[in-house]
Amino acid sequence: MGTSSDDDRGERVTLTVDDRGRVTLPKEIRERLGIESNDEVPATLVGSVLEVNPKPSAKLEPATAGREDWTGSTPTDAGESLFGPMDRE
């Protein structure tokens with residue numbers, strides 16, 4: 001499997017088609033997306049592009065899972081931390 005960055009569009013993945021026309025999703029991708037054996041993975045053909053859109057797995061949790069109170073954990077003004085010194089008028 002080959003992967004590379006594709007700017008804002010995400011990660012490019014090179015897949016190989018076997019002699020029976022099957023494409024195997026690499027284990028790393030299946031694990032990241034929570035795809036398991038016998039899962040149905042919907043795809044859409046748009047021109048010459050095949051878009052694969054798996055349903056979110058019940059195993060995946062949002063970054064906020066288990067976190068009810070964010071008080072004091074996130075700076076209210078992260079501008080300078082993220083973007084460096086900012087001119088204030």
# chains A, B, ... in the order shown; residues from 1 in each chain; ligands from 1

$ residues_around --residues "Asn53 of chain A" --least-positions-apart "6" --cutoff "10 Å" --atoms "only C-alpha atoms" --output "VMD selection string"
chain A and resid 41 to 44

$ write_last_selection --atoms "N, CA and C atoms" --output "mmCIF file, in the first residue's frame"
data_model
loop_
_atom_site.group_PDB
_atom_site.id
_atom_site.type_symbol
_atom_site.label_atom_id
_atom_site.label_comp_id
_atom_site.auth_asym_id
_atom_site.auth_seq_id
_atom_site.Cartn_x
_atom_site.Cartn_y
_atom_site.Cartn_z
ATOM 1 N N VAL A 41 -19.579 -1.623 2.547
ATOM 2 C CA VAL A 41 -18.932 -0.328 2.394
ATOM 3 C C VAL A 41 -19.489 0.334 1.132
ATOM 4 N N PRO A 42 -20.349 1.348 1.296
ATOM 5 C CA PRO A 42 -20.931 1.998 0.132
ATOM 6 C C PRO A 42 -19.886 2.774 -0.661
ATOM 7 N N ALA A 43 -20.066 2.806 -1.979
ATOM 8 C CA ALA A 43 -19.170 3.542 -2.859
ATOM 9 C C ALA A 43 -19.995 4.214 -3.939
ATOM 10 N N THR A 44 -19.482 5.318 -4.471
ATOM 11 C CA THR A 44 -20.152 6.064 -5.519
ATOM 12 C C THR A 44 -19.165 6.282 -6.655
#

$ atom_distance --atom1 "atom CA of Pro26 of chain A" --atom2 "atom CA of Arg12 of chain A"
12.9 Å

$ atom_distance --atom1 "atom CA of Glu36 of chain A" --atom2 "atom CA of Ser57 of chain A"
9.0 Å

$ residues_around --residues "Ile29 of chain A" --least-positions-apart "3" --cutoff "12 Å" --atoms "only C-alpha atoms" --output "mmCIF file with N, CA and C atoms, in the first residue's frame"
data_model
loop_
_atom_site.group_PDB
_atom_site.id
_atom_site.type_symbol
_atom_site.label_atom_id
_atom_site.label_comp_id
_atom_site.auth_asym_id
_atom_site.auth_seq_id
_atom_site.Cartn_x
_atom_site.Cartn_y
_atom_site.Cartn_z
ATOM 1 N N MET A 1 0.849 -1.174 0.000
ATOM 2 C CA MET A 1 0.000 0.000 0.000
ATOM 3 C C MET A 1 0.885 1.223 0.000
ATOM 4 N N GLY A 2 0.586 2.154 -0.864
ATOM 5 C CA GLY A 2 1.306 3.406 -0.859
ATOM 6 C C GLY A 2 0.390 4.515 -0.402
ATOM 7 N N THR A 3 0.922 5.426 0.398
ATOM 8 C CA THR A 3 0.139 6.582 0.829
ATOM 9 C C THR A 3 0.955 7.832 0.598
ATOM 10 N N GLU A 11 -5.570 12.109 2.338
ATOM 11 C CA GLU A 11 -4.489 11.158 2.113
ATOM 12 C C GLU A 11 -4.802 10.300 0.882
ATOM 13 N N ARG A 12 -3.846 10.190 -0.019
ATOM 14 C CA ARG A 12 -4.010 9.330 -1.192
ATOM 15 C C ARG A 12 -3.529 7.938 -0.825
ATOM 16 N N VAL A 13 -4.272 6.941 -1.249
ATOM 17 C CA VAL A 13 -3.926 5.553 -0.969
ATOM 18 C C VAL A 13 -3.917 4.799 -2.298
ATOM 19 N N THR A 14 -2.871 4.029 -2.552
ATOM 20 C CA THR A 14 -2.811 3.206 -3.746
ATOM 21 C C THR A 14 -3.186 1.790 -3.372
ATOM 22 N N LEU A 15 -4.224 1.270 -4.030
ATOM 23 C CA LEU A 15 -4.704 -0.080 -3.772
ATOM 24 C C LEU A 15 -4.385 -0.958 -4.975
ATOM 25 N N THR A 24 -8.422 -5.054 -1.838
ATOM 26 C CA THR A 24 -8.319 -5.256 -0.396
ATOM 27 C C THR A 24 -7.926 -3.942 0.256
ATOM 28 N N LEU A 25 -8.712 -3.540 1.251
ATOM 29 C CA LEU A 25 -8.342 -2.363 2.028
ATOM 30 C C LEU A 25 -7.262 -2.779 3.015
ATOM 31 N N PRO A 26 -6.146 -2.081 3.043
ATOM 32 C CA PRO A 26 -5.079 -2.429 3.978
ATOM 33 C C PRO A 26 -5.561 -2.410 5.428
ATOM 34 N N ARG A 32 -8.344 2.019 11.169
ATOM 35 C CA ARG A 32 -8.573 3.452 11.372
ATOM 36 C C ARG A 32 -10.040 3.808 11.180
ATOM 37 N N LEU A 33 -10.699 3.151 10.204
ATOM 38 C CA LEU A 33 -12.093 3.455 9.905
ATOM 39 C C LEU A 33 -13.091 2.546 10.618
ATOM 40 N N GLY A 34 -12.591 1.556 11.346
ATOM 41 C CA GLY A 34 -13.473 0.652 12.065
ATOM 42 C C GLY A 34 -14.216 -0.310 11.164
ATOM 43 N N ILE A 35 -13.633 -0.652 10.012
ATOM 44 C CA ILE A 35 -14.268 -1.573 9.072
ATOM 45 C C ILE A 35 -13.899 -2.996 9.463
ATOM 46 N N GLU A 36 -14.913 -3.849 9.571
ATOM 47 C CA GLU A 36 -14.694 -5.239 9.962
ATOM 48 C C GLU A 36 -15.143 -6.175 8.850
ATOM 49 N N PRO A 54 -17.371 4.628 3.895
ATOM 50 C CA PRO A 54 -17.865 3.710 4.922
ATOM 51 C C PRO A 54 -18.693 4.443 5.968
#

$ decode --residues "segment 25-46 of chain A" --atoms "N, CA and C atoms" --output "compact mmCIF listing (two decimals), in the first residue's frame"
# COMPACT_ATOMS: atom_id res chain seq x y z
N LEU A 25 -8.71 -3.54 1.25
CA LEU A 25 -8.34 -2.36 2.03
C LEU A 25 -7.26 -2.78 3.02
N PRO A 26 -6.15 -2.08 3.04
CA PRO A 26 -5.08 -2.43 3.98
C PRO A 26 -5.56 -2.41 5.43
N LYS A 27 -4.98 -3.26 6.24
CA LYS A 27 -5.37 -3.41 7.64
C LYS A 27 -5.35 -2.06 8.36
N GLU A 28 -4.32 -1.26 8.12
CA GLU A 28 -4.19 0.04 8.78
C GLU A 28 -5.41 0.92 8.49
N ILE A 29 -5.88 0.91 7.26
CA ILE A 29 -7.05 1.71 6.87
C ILE A 29 -8.31 1.13 7.50
N ARG A 30 -8.48 -0.20 7.44
CA ARG A 30 -9.67 -0.83 8.05
C ARG A 30 -9.74 -0.51 9.53
N GLU A 31 -8.61 -0.62 10.22
CA GLU A 31 -8.60 -0.34 11.66
C GLU A 31 -8.93 1.12 11.93
N ARG A 32 -8.34 2.02 11.17
CA ARG A 32 -8.57 3.45 11.37
C ARG A 32 -10.04 3.81 11.18
N LEU A 33 -10.70 3.15 10.20
CA LEU A 33 -12.09 3.45 9.91
C LEU A 33 -13.09 2.55 10.62
N GLY A 34 -12.59 1.56 11.35
CA GLY A 34 -13.47 0.65 12.07
C GLY A 34 -14.22 -0.31 11.16
N ILE A 35 -13.63 -0.65 10.01
CA ILE A 35 -14.27 -1.57 9.07
C ILE A 35 -13.90 -3.00 9.46
N GLU A 36 -14.91 -3.85 9.57
CA GLU A 36 -14.69 -5.24 9.96
C GLU A 36 -15.14 -6.17 8.85
N SER A 37 -14.79 -7.46 8.96
CA SER A 37 -15.19 -8.46 7.98
C SER A 37 -16.70 -8.43 7.77
N ASN A 38 -17.11 -8.58 6.54
CA ASN A 38 -18.51 -8.62 6.14
C ASN A 38 -19.25 -7.29 6.27
N ASP A 39 -18.56 -6.21 6.62
CA ASP A 39 -19.20 -4.89 6.63
C ASP A 39 -19.49 -4.50 5.19
N GLU A 40 -20.63 -3.86 4.96
CA GLU A 40 -20.93 -3.30 3.65
C GLU A 40 -20.34 -1.90 3.60
N VAL A 41 -19.58 -1.62 2.55
CA VAL A 41 -18.93 -0.33 2.39
C VAL A 41 -19.49 0.33 1.13
N PRO A 42 -20.35 1.35 1.30
CA PRO A 42 -20.93 2.00 0.13
C PRO A 42 -19.89 2.77 -0.66
N ALA A 43 -20.07 2.81 -1.98
CA ALA A 43 -19.17 3.54 -2.86
C ALA A 43 -20.00 4.21 -3.94
N THR A 44 -19.48 5.32 -4.47
CA THR A 44 -20.15 6.06 -5.52
C THR A 44 -19.16 6.28 -6.65
N LEU A 45 -19.59 6.01 -7.87
CA LEU A 45 -18.76 6.26 -9.04
C LEU A 45 -19.13 7.62 -9.59
N VAL A 46 -18.16 8.55 -9.56
CA VAL A 46 -18.36 9.91 -10.06
C VAL A 46 -17.38 10.11 -11.21
